[in-house]
Amino acid sequence: MAKADANVNSEREELAGMPDPSHVGRRYVAPGQAVAAASVAAYARAVSGGDEVFSPGSVPPTFAAVYCLGPALAALFADPELGIDLAGLIHVEQSFAWLVPVHPGDVVDASAEVSSVESKRGMTFVTVELAARDGGGETVCTGRSLLLLRGGR
Amino acid sequence: MRAVSAGDEMAPLTRLVDQAQISAYAEASGDHNPIHLDPEFARGVGLPGTIAHGMLDMAILAEAVGRWAGAHERVLELSCRFSKPLLPGDTITCTGRVVSVDAASGTATLQLEAVSGRGDRVLTNARAVVRLGD
């Protein structure tokens, strides 16, 4: 009896901490993301390696990793009910659309929404819709991340 | 910008990515996942060692497209699949080709790819939409 209970508990423990379709629609917000000139410059230098920075002073499109994807996914990863284990996480696909250029000094609100969770053959695929909106509520950037987690039904 | 038509090749961009750059990208992007920084940890999860952030690969691809288009803000859309990891000390070469031009909206769609010096197809299913110059 005690042994059977232990098995039930360990199974529950395994299944807790993995996104499932009931999490579709969960939305996470990361407001107040500053597009700081110093951060943009550091990002552009990191991307350039030792090469000359392309178009210094303007915001590289993938700086969306800093003002949108990073903080929005961090909010999602912090949800204990999703229980995403970063050590088993693989970023499979990414897309962005830039609707309005952002500039140093802008502040945007980032968000992430779980749009799909599919498990097959012990792997779980999570699709997340990303957005960044400016102070006036206008969407400046959207994106979609496909994440792969090891585990699940 | 000169007239653009389907079949045009984007000027390739090749960059050597070393661990110092990967570490700088971790700092600049805020993504401190140890698979990018700690070789022991990376090997523990089945990788050959640390790997570059997929977003760093994508950022270099975006730069290649921006250079071709003439400005960062002409890149309107970019998508890719992170097919193979880029390892520190390896080069990444981004190539692309115009697949269509929409004269009405003044945009072009490019099909893109990034391969490593070892021959791994690092970024696949990659596509961009750019706004063409006047």
# chains A, B, ... in the order shown; residues from 1 in each chain; ligands from 1
$ interface_residues --of "chain A" --to "chain B" --cutoff "6 Å" --atoms "only C-alpha atoms" --output "PyMOL selection string"
chain A and resi 42-43+46+49+60+62+66+92-98
$ residues_around --residues "Glu81 of chain A" --least-positions-apart "4" --cutoff "10 Å" --atoms "only C-alpha atoms" --output "ChimeraX atom specification"
/A:16-19,23,76-77
$ write_last_selection --atoms "C-alpha atoms" --output "compact mmCIF listing (two decimals), in the first residue's frame"
# COMPACT_ATOMS: atom_id res chain seq x y z
CA ALA A 16 3.78 18.28 -12.46
CA GLY A 17 6.35 20.64 -13.93
CA MET A 18 5.59 20.02 -17.57
CA PRO A 19 3.36 22.29 -19.66
CA HIS A 23 -1.91 26.00 -20.06
CA LEU A 76 6.72 32.55 -18.39
CA PHE A 77 9.60 30.45 -17.00
$ select_by_dssp --residues "segment 11-147 of chain A" --states "alpha helix (DSSP H)" --output "list of chain:residue names"
A:Glu11, A:Arg12, A:Glu13, A:Glu14, A:Leu15, A:Ala37, A:Ala38, A:Ser39, A:Val40, A:Ala41, A:Ala42, A:Tyr43, A:Ala44, A:Arg45, A:Ala46, A:Val47, A:Ser48, A:Ala64, A:Gly70, A:Pro71, A:Ala72, A:Leu73, A:Ala74, A:Ala75, A:Leu76, A:Phe77
$ write_last_selection --atoms "N, CA and C atoms" --output "CSV table (one decimal), in the first residue's frame"
chain,number,residue,atom,x,y,z
A,11,GLU,N,4.8,9.6,-9.8
A,11,GLU,CA,4.2,9.9,-11.1
A,11,GLU,C,3.7,11.3,-11.2
A,12,ARG,N,3.0,11.6,-10.1
A,12,ARG,CA,2.5,13.0,-10.0
A,12,ARG,C,3.6,14.0,-10.1
A,13,GLU,N,4.7,13.7,-9.4
A,13,GLU,CA,5.8,14.6,-9.4
A,13,GLU,C,6.4,14.8,-10.8
A,14,GLU,N,6.4,13.7,-11.5
A,14,GLU,CA,7.0,13.8,-12.9
A,14,GLU,C,6.1,14.6,-13.8
A,15,LEU,N,4.8,14.4,-13.6
A,15,LEU,CA,3.9,15.1,-14.5
A,15,LEU,C,3.7,16.6,-14.1
A,37,ALA,N,20.3,53.3,-24.6
A,37,ALA,CA,21.3,53.4,-25.6
A,37,ALA,C,22.5,52.6,-25.3
A,38,ALA,N,22.9,52.5,-24.0
A,38,ALA,CA,24.1,51.8,-23.6
A,38,ALA,C,23.9,50.3,-23.8
A,39,SER,N,22.7,49.8,-23.5
A,39,SER,CA,22.4,48.4,-23.8
A,39,SER,C,22.4,48.0,-25.2
A,40,VAL,N,21.8,49.0,-26.1
A,40,VAL,CA,21.8,48.7,-27.5
A,40,VAL,C,23.3,48.7,-28.0
A,41,ALA,N,24.1,49.6,-27.5
A,41,ALA,CA,25.5,49.6,-28.0
A,41,ALA,C,26.2,48.3,-27.6
A,42,ALA,N,26.0,47.9,-26.3
A,42,ALA,CA,26.7,46.7,-25.9
A,42,ALA,C,26.2,45.4,-26.7
A,43,TYR,N,24.9,45.4,-27.0
A,43,TYR,CA,24.3,44.3,-27.8
A,43,TYR,C,24.9,44.3,-29.2
A,44,ALA,N,25.0,45.5,-29.8
A,44,ALA,CA,25.5,45.6,-31.2
A,44,ALA,C,27.0,45.1,-31.2
A,45,ARG,N,27.8,45.5,-30.1
A,45,ARG,CA,29.2,45.1,-30.1
A,45,ARG,C,29.3,43.6,-29.9
A,46,ALA,N,28.4,43.0,-29.1
A,46,ALA,CA,28.5,41.6,-28.9
A,46,ALA,C,28.1,40.8,-30.2
A,47,VAL,N,27.2,41.3,-30.9
A,47,VAL,CA,26.9,40.6,-32.2
A,47,VAL,C,28.0,40.8,-33.2
A,48,SER,N,28.7,41.9,-33.2
A,48,SER,CA,29.7,42.2,-34.2
A,48,SER,C,31.0,41.4,-33.9
A,64,ALA,N,15.2,42.9,-30.0
A,64,ALA,CA,14.0,42.4,-29.5
A,64,ALA,C,14.2,41.2,-28.5
A,70,GLY,N,13.4,38.1,-24.1
A,70,GLY,CA,14.1,37.7,-22.9
A,70,GLY,C,13.2,37.9,-21.6
A,71,PRO,N,12.7,39.1,-21.4
A,71,PRO,CA,11.9,39.4,-20.2
A,71,PRO,C,10.5,38.7,-20.3
A,72,ALA,N,9.9,38.6,-21.5
A,72,ALA,CA,8.6,37.9,-21.6
A,72,ALA,C,8.7,36.4,-21.3
A,73,LEU,N,9.8,35.8,-21.8
A,73,LEU,CA,10.0,34.3,-21.5
A,73,LEU,C,10.4,34.1,-20.1
A,74,ALA,N,11.1,35.1,-19.5
A,74,ALA,CA,11.5,35.0,-18.1
A,74,ALA,C,10.3,34.9,-17.2
A,75,ALA,N,9.3,35.7,-17.6
A,75,ALA,CA,8.0,35.8,-16.8
A,75,ALA,C,7.3,34.4,-16.9
A,76,LEU,N,7.4,33.9,-18.1
A,76,LEU,CA,6.7,32.6,-18.4
A,76,LEU,C,7.5,31.4,-17.6
A,77,PHE,N,8.8,31.5,-17.7
A,77,PHE,CA,9.6,30.5,-17.0
A,77,PHE,C,9.4,30.5,-15.5
$ select_by_dssp --residues "segment 33-106 of chain A" --states "strand (DSSP E)" --output "list in words"
Gln33, Ala34, Leu89, Ile90, His91, Val92, Glu93, Gln94, Ser95, Phe96, Ala97 and Trp98 of chain A
$ residues_around --residues "Gly7 of chain B" --least-positions-apart "4" --cutoff "7 Å" --atoms "only C-alpha atoms" --output "PDB file with C-alpha atoms, in the first residue's frame"
ATOM      1  CA  ARG B  97      18.563  34.880 -52.192  1.00  0.00           C
ATOM      2  CA  VAL B  98      15.582  37.014 -53.180  1.00  0.00           C
ATOM      3  CA  VAL B  99      12.600  34.775 -53.868  1.00  0.00           C
TER       4      VAL B  99
END
$ atom_distance --atom1 "atom CA of Gln111 of chain B" --atom2 "atom CA of Val35 of chain A"
29.4 Å
$ residues_around --residues "Pro31 of chain A" --least-positions-apart "5" --cutoff "9 Å" --atoms "only C-alpha atoms" --output "list in words"
Pro71, Ala72, Val107, Val108, Asp109, Ala110 and Ser111 of chain A
$ write_last_selection --atoms "N, CA and C atoms" --output "PDB file, in the first residue's frame"
ATOM      1  N   PRO A  71      12.678  39.142 -21.437  1.00  0.00           N
ATOM      2  CA  PRO A  71      11.856  39.391 -20.250  1.00  0.00           C
ATOM      3  C   PRO A  71      10.501  38.682 -20.300  1.00  0.00           C
ATOM      4  N   ALA A  72       9.906  38.556 -21.502  1.00  0.00           N
ATOM      5  CA  ALA A  72       8.594  37.899 -21.592  1.00  0.00           C
ATOM      6  C   ALA A  72       8.725  36.407 -21.282  1.00  0.00           C
ATOM      7  N   VAL A 107      10.537  52.993 -24.167  1.00  0.00           N
ATOM      8  CA  VAL A 107      10.208  52.008 -23.136  1.00  0.00           C
ATOM      9  C   VAL A 107       9.008  51.224 -23.648  1.00  0.00           C
ATOM     10  N   VAL A 108       9.100  49.888 -23.611  1.00  0.00           N
ATOM     11  CA  VAL A 108       8.007  49.061 -24.136  1.00  0.00           C
ATOM     12  C   VAL A 108       7.570  48.035 -23.086  1.00  0.00           C
ATOM     13  N   ASP A 109       6.354  47.550 -23.258  1.00  0.00           N
ATOM     14  CA  ASP A 109       5.811  46.491 -22.411  1.00  0.00           C
ATOM     15  C   ASP A 109       5.835  45.193 -23.211  1.00  0.00           C
ATOM     16  N   ALA A 110       6.474  44.174 -22.650  1.00  0.00           N
ATOM     17  CA  ALA A 110       6.598  42.887 -23.347  1.00  0.00           C
ATOM     18  C   ALA A 110       5.572  41.909 -22.790  1.00  0.00           C
ATOM     19  N   SER A 111       5.114  41.007 -23.662  1.00  0.00           N
ATOM     20  CA  SER A 111       4.192  39.973 -23.194  1.00  0.00           C
ATOM     21  C   SER A 111       4.447  38.664 -23.932  1.00  0.00           C
TER      22      SER A 111
END
$ atom_distance --atom1 "atom CA of Val122 of chain B" --atom2 "atom CA of Thr127 of chain A"
20.8 Å
$ residues_around --residues "segment 130-133 of chain A" --least-positions-apart "6" --cutoff "8 Å" --atoms "only C-alpha atoms" --output "compact mmCIF listing (two decimals) with N, CA and C atoms, in the first residue's frame"
# COMPACT_ATOMS: atom_id res chain seq x y z
N TYR A 67 14.37 43.49 -25.28
CA TYR A 67 13.19 44.24 -24.80
C TYR A 67 11.90 43.41 -24.86
N CYS A 68 11.95 42.24 -25.51
CA CYS A 68 10.71 41.47 -25.65
C CYS A 68 10.89 40.00 -25.27
N LEU A 69 11.65 39.26 -26.08
CA LEU A 69 11.75 37.81 -25.88
C LEU A 69 12.30 37.44 -24.50
N ALA A 72 9.91 38.56 -21.50
CA ALA A 72 8.59 37.90 -21.59
C ALA A 72 8.72 36.41 -21.28
N VAL A 108 9.10 49.89 -23.61
CA VAL A 108 8.01 49.06 -24.14
C VAL A 108 7.57 48.04 -23.09
N ASP A 109 6.35 47.55 -23.26
CA ASP A 109 5.81 46.49 -22.41
C ASP A 109 5.84 45.19 -23.21
N ALA A 110 6.47 44.17 -22.65
CA ALA A 110 6.60 42.89 -23.35
C ALA A 110 5.57 41.91 -22.79
N SER A 111 5.11 41.01 -23.66
CA SER A 111 4.19 39.97 -23.19
C SER A 111 4.45 38.66 -23.93
N ALA A 112 4.04 37.58 -23.28
CA ALA A 112 4.15 36.24 -23.87
C ALA A 112 2.85 35.51 -23.59
N GLU A 113 2.35 34.78 -24.59
CA GLU A 113 1.15 33.99 -24.38
C GLU A 113 1.36 32.59 -24.94
N THR A 139 1.45 48.17 -30.98
CA THR A 139 2.36 47.03 -31.06
C THR A 139 3.54 47.39 -31.96
N VAL A 140 4.74 47.29 -31.42
CA VAL A 140 5.94 47.62 -32.21
C VAL A 140 6.63 46.36 -32.73
N CYS A 141 6.42 45.25 -32.06
CA CYS A 141 7.10 44.00 -32.46
C CYS A 141 6.24 42.82 -32.02
N THR A 142 6.17 41.82 -32.89
CA THR A 142 5.54 40.56 -32.49
C THR A 142 6.54 39.44 -32.78
N GLY A 143 6.32 38.31 -32.17
CA GLY A 143 7.22 37.19 -32.40
C GLY A 143 6.57 35.88 -32.00
N ARG A 144 7.21 34.81 -32.40
CA ARG A 144 6.74 33.47 -32.01
C ARG A 144 7.96 32.62 -31.71
N SER A 145 7.92 31.96 -30.55
CA SER A 145 9.00 31.05 -30.16
C SER A 145 8.45 29.63 -30.12
$ residues_around --residues "Val24 of chain A" --least-positions-apart "5" --cutoff "6 Å" --atoms "only C-alpha atoms" --output "PyMOL selection string"
chain A and resi 114-116
$ atom_distance --atom1 "atom CA of Arg121 of chain B" --atom2 "atom CA of Thr95 of chain B"
11.4 Å
$ closest_residue --among "A:Asp134, A:Leu89, A:Ser22, A:Phe125" --to "Ala34 of chain A" --atoms "only C-alpha atoms"
A:Asp134
$ closest_residue --among "B:Leu87, B:Ala69, B:Leu110, B:Ala6" --to "Leu37 of chain B" --atoms "only C-alpha atoms"
B:Leu87
$ closest_residue --among "A:Asp51, A:Asp85, A:Glu129, A:Asp106" --to "Leu148 of chain A" --atoms "only C-alpha atoms"
A:Asp85
